[in-house]
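Worksheet: the structure to be examined is printed underneath.
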Amino acid sequence: DTAVSQTPKYLVTQMGNDKSIKCEQNLGHDTMYWYKQDSKKFLKIMFSYNNKELIINETVPNRFSPKSPDKAHLNLHINSLELGDSAVYFCASSSTGARPQHFGDGTRLSIL
Amino acid sequence: GENVEQHPSTLSVQEGDSAVIKCTYSDSASNYFPWYKQELGKRPQLIIDIRSNVGEKKDQRIAVTLNKTAKHFSLHITETQPEDSAVYFCAATQSGGSYIPTFGRGTSLIVHP
């Protein structure tokens with residue numbers, strides 16, 4: 001059973017389009033995250049969200065927006081895609097507090 | 001905010017040798033230090049972690065040491081094997097606030113057979 005699942009696994013689209021990536025976790029965690037991993041492998045936190053608080057990395061463009069219908073899901077919506085958005089996006093979840101993160105398998109986004 | 005430095009960025013060893021990856025952090029409020037392994041094309045996975053009330057932790061061939069005074073922690077892998085080849089990330093998490101971890105930039109470990 002996959003603990004943190006993301007869809008789609010691959011996403012190829014054109015500049016200017018709007019796209020969404022879905023994430024679901026079945027671990028009962030109450031905090032979820034989105035990370036961007038570029039070609040240099042750096043894991044950059046984009047958002048952290050639990051049922052109380054959304055924390056946004058201030059360097060993330062407002063074209064990116066997280067949407068959480070419930071505590072088991074945190075989707076990522078991206079407007080007006082740009083070439084620089086090409087990367088692997090990882091969803092993760094953890095229990096509240098200083099706890100290990102469980103990552104999804106990633107979504108490889110390629111912008112043409 | 002927290003700042004985590006990780007060295008080296010690349011580490012190449014022969015099979016059977018030991019490998020050491022070092023991280024330093026800036027915020028003395030950090031008290032949880034996980035290490036993640038990311039194989040090529042895969043997701044990061046936790047391999048070992050340590051909390052600030054412990055100086056060392058071992059799990060078979062891997063160990064982590066923590067020096068709170070100097071604000072640094074290290075990952076030690078003994079008897080390396082080709083399947084240890086991966087990118088390793090350290091992270092530091094504060095004891096309060098948002099609990100968002102700060103990651104190091106990663107170390108690419110290559111184990112030559």
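In the structure tokens, chains take letters A, B, ... by order of appearance, with residues numbered from 1 within each chain and ligands from 1 in the order shown.
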Write out, as CSV, each residue of chain B that has an atom at most 8 Å from chain A, together with the closest pair of atoms and their distance in Å to one decimal, counting only C-alpha atoms, rows going by chain and rising number.
```
residue,atom,partner,partner_atom,distance
B:Asn31,CA,A:Ala98,CA,8.0
B:Tyr32,CA,A:Ala98,CA,6.1
B:Pro34,CA,A:Pro100,CA,6.8
B:Lys42,CA,A:Asp105,CA,6.3
B:Arg43,CA,A:Asp105,CA,5.0
B:Pro44,CA,A:Phe103,CA,6.4
B:Gln45,CA,A:His102,CA,7.0
B:Leu46,CA,A:Pro100,CA,7.0
B:Thr93,CA,A:Ala98,CA,6.1
B:Gln94,CA,A:Ala98,CA,7.1
B:Ser95,CA,A:Ala98,CA,6.5
B:Gly96,CA,A:Gly97,CA,7.6
B:Ser98,CA,A:Ile55,CA,7.9
B:Tyr99,CA,A:Ala98,CA,5.6
B:Ile100,CA,A:Ser48,CA,7.3
B:Phe103,CA,A:Leu43,CA,6.9
B:Gly104,CA,A:Phe42,CA,7.9
B:Arg105,CA,A:Phe42,CA,5.2
B:Gly106,CA,A:Phe42,CA,6.8
```
Selection file, C-alpha atoms, as a compact mmCIF listing (two decimals), in the first residue's frame:
```txt
# COMPACT_ATOMS: atom_id res chain seq x y z
CA ASN B 31 16.62 19.41 18.07
CA TYR B 32 15.75 16.80 15.41
CA PRO B 34 17.06 13.19 10.08
CA LYS B 42 13.37 7.64 -6.59
CA ARG B 43 11.90 9.49 -3.61
CA PRO B 44 13.94 10.55 -0.56
CA GLN B 45 13.62 7.99 2.24
CA LEU B 46 14.55 8.30 5.90
CA THR B 93 14.14 20.79 12.53
CA GLN B 94 13.42 23.28 15.28
CA SER B 95 11.69 22.26 18.46
CA GLY B 96 8.88 24.78 18.09
CA SER B 98 6.28 25.40 12.22
CA TYR B 99 8.53 22.29 12.53
CA ILE B 100 9.46 22.67 8.86
CA PHE B 103 17.58 20.51 4.25
CA GLY B 104 21.23 20.50 3.30
CA ARG B 105 22.04 20.66 -0.41
CA GLY B 106 22.81 16.95 -0.63
```
Note to self: Just want the 6 Å neighbourhood of segment 69-85 of chain B, counted on only C-alpha atoms, with same-chain residues fewer than 6 positions away dropped. Output as an NGL selection string.
What the structure shows: :B and (15-25 or 61-63 or 109-111)
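Near Leu74 of chain A, within 8 Å and counting only C-alpha atoms, sit Lys22, Cys23, Glu24, Met32, Tyr33, Pro66, Lys67, Ser68 and Pro69 of chain A; same-chain residues fewer than 5 positions away were not included.
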Note to self: I'd like to know which of A:Ala87, A:Ala3, A:Arg63, A:Ser80 is closest to Asp18 of chain A, using only C-alpha atoms.
What the structure shows: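 That would be A:Ser80, the residue with the smallest distance to Asp18 of chain A.
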Next item on the list: Please identify which residues in segment 16-80 of chain A DSSP calls strand (DSSP E or B) from the backbone, and express them as an MDAnalysis selection string.
Entry: chainID A and resid 19:25 31:37 43:50 54:56 64:67 73 75:78
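The closest residue to Ala92 of chain B, picked from B:Gln14, B:Ser9, B:Asp49, B:Gly41 and counting only C-alpha atoms, is B:Asp49.
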Margin query: Between atom CA of Ser20 of chain A and atom CA of Leu112 of chain A, what is the distance in Å, rounded to a tenth?
Written below: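 Taking atom CA of Ser20 of chain A as the start and atom CA of Leu112 of chain A as the end point, the length is 16.5 Å.
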Which residues are near Gln14 of chain A? Cut-off 9 Å, only C-alpha atoms, ignore same chain within fewer than 3 positions. Put them as a PDB file with all heavy atoms, in the first residue's frame.
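Below you can see selection03.pdb, which holds the result:
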```pdb
ATOM      1  N   ASN A  17       0.279  27.169 -19.841  1.00  0.00           N
ATOM      2  CA  ASN A  17      -0.858  26.340 -19.398  1.00  0.00           C
ATOM      3  C   ASN A  17      -0.994  26.353 -17.879  1.00  0.00           C
ATOM      4  O   ASN A  17      -0.072  26.737 -17.150  1.00  0.00           O
ATOM      5  CB  ASN A  17      -0.681  24.908 -19.880  1.00  0.00           C
ATOM      6  CG  ASN A  17      -0.984  24.753 -21.362  1.00  0.00           C
ATOM      7  OD1 ASN A  17      -1.507  25.679 -21.997  1.00  0.00           O
ATOM      8  ND2 ASN A  17      -0.651  23.613 -21.920  1.00  0.00           N
ATOM      9  N   LEU A  81       2.250  28.346 -16.525  1.00  0.00           N
ATOM     10  CA  LEU A  81       3.522  27.643 -16.386  1.00  0.00           C
ATOM     11  C   LEU A  81       4.637  28.298 -17.190  1.00  0.00           C
ATOM     12  O   LEU A  81       4.438  28.771 -18.314  1.00  0.00           O
ATOM     13  CB  LEU A  81       3.358  26.183 -16.804  1.00  0.00           C
ATOM     14  CG  LEU A  81       2.700  25.304 -15.737  1.00  0.00           C
ATOM     15  CD1 LEU A  81       2.059  24.075 -16.341  1.00  0.00           C
ATOM     16  CD2 LEU A  81       3.731  24.932 -14.676  1.00  0.00           C
ATOM     17  N   GLU A  82       5.834  28.326 -16.574  1.00  0.00           N
ATOM     18  CA  GLU A  82       7.020  28.900 -17.200  1.00  0.00           C
ATOM     19  C   GLU A  82       8.092  27.825 -17.338  1.00  0.00           C
ATOM     20  O   GLU A  82       8.057  26.801 -16.644  1.00  0.00           O
ATOM     21  CB  GLU A  82       7.549  30.062 -16.339  1.00  0.00           C
ATOM     22  CG  GLU A  82       6.548  31.181 -16.157  1.00  0.00           C
ATOM     23  CD  GLU A  82       7.064  32.295 -15.247  1.00  0.00           C
ATOM     24  OE1 GLU A  82       8.210  32.166 -14.726  1.00  0.00           O
ATOM     25  OE2 GLU A  82       6.333  33.291 -15.078  1.00  0.00           O
ATOM     26  N   LEU A  83       9.072  28.092 -18.212  1.00  0.00           N
ATOM     27  CA  LEU A  83      10.147  27.116 -18.448  1.00  0.00           C
ATOM     28  C   LEU A  83      10.857  26.748 -17.144  1.00  0.00           C
ATOM     29  O   LEU A  83      11.219  25.593 -16.917  1.00  0.00           O
ATOM     30  CB  LEU A  83      11.154  27.667 -19.458  1.00  0.00           C
ATOM     31  CG  LEU A  83      10.682  27.754 -20.901  1.00  0.00           C
ATOM     32  CD1 LEU A  83      11.740  28.458 -21.762  1.00  0.00           C
ATOM     33  CD2 LEU A  83      10.378  26.369 -21.462  1.00  0.00           C
ATOM     34  N   SER A 110       7.677  18.763 -17.044  1.00  0.00           N
ATOM     35  CA  SER A 110       8.512  19.276 -18.137  1.00  0.00           C
ATOM     36  C   SER A 110       7.707  20.298 -18.921  1.00  0.00           C
ATOM     37  O   SER A 110       6.597  19.996 -19.373  1.00  0.00           O
ATOM     38  CB  SER A 110       8.942  18.140 -19.060  1.00  0.00           C
ATOM     39  OG  SER A 110       9.713  17.192 -18.362  1.00  0.00           O
ATOM     40  N   ILE A 111       8.267  21.469 -19.103  1.00  0.00           N
ATOM     41  CA  ILE A 111       7.594  22.540 -19.825  1.00  0.00           C
ATOM     42  C   ILE A 111       8.242  22.688 -21.201  1.00  0.00           C
ATOM     43  O   ILE A 111       9.473  22.856 -21.299  1.00  0.00           O
ATOM     44  CB  ILE A 111       7.691  23.880 -19.061  1.00  0.00           C
ATOM     45  CG1 ILE A 111       7.246  23.707 -17.615  1.00  0.00           C
ATOM     46  CG2 ILE A 111       6.866  24.957 -19.775  1.00  0.00           C
ATOM     47  CD1 ILE A 111       5.842  23.223 -17.453  1.00  0.00           C
ATOM     48  N   LEU A 112       7.424  22.612 -22.238  1.00  0.00           N
ATOM     49  CA  LEU A 112       7.954  22.716 -23.597  1.00  0.00           C
ATOM     50  C   LEU A 112       7.953  24.171 -24.077  1.00  0.00           C
ATOM     51  O   LEU A 112       7.104  24.959 -23.670  1.00  0.00           O
ATOM     52  CB  LEU A 112       7.110  21.855 -24.543  1.00  0.00           C
ATOM     53  CG  LEU A 112       7.010  20.362 -24.159  1.00  0.00           C
ATOM     54  CD1 LEU A 112       6.104  19.630 -25.130  1.00  0.00           C
ATOM     55  CD2 LEU A 112       8.401  19.741 -24.131  1.00  0.00           C
TER      56      LEU A 112
END
```
Next item on the list: Go through A:Leu27, A:Ala72, A:Met46, A:Met15 and flag the residue nearest Asp85 of chain A, using only C-alpha atoms for the distances.
Entry: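 Closest candidate: A:Met15.
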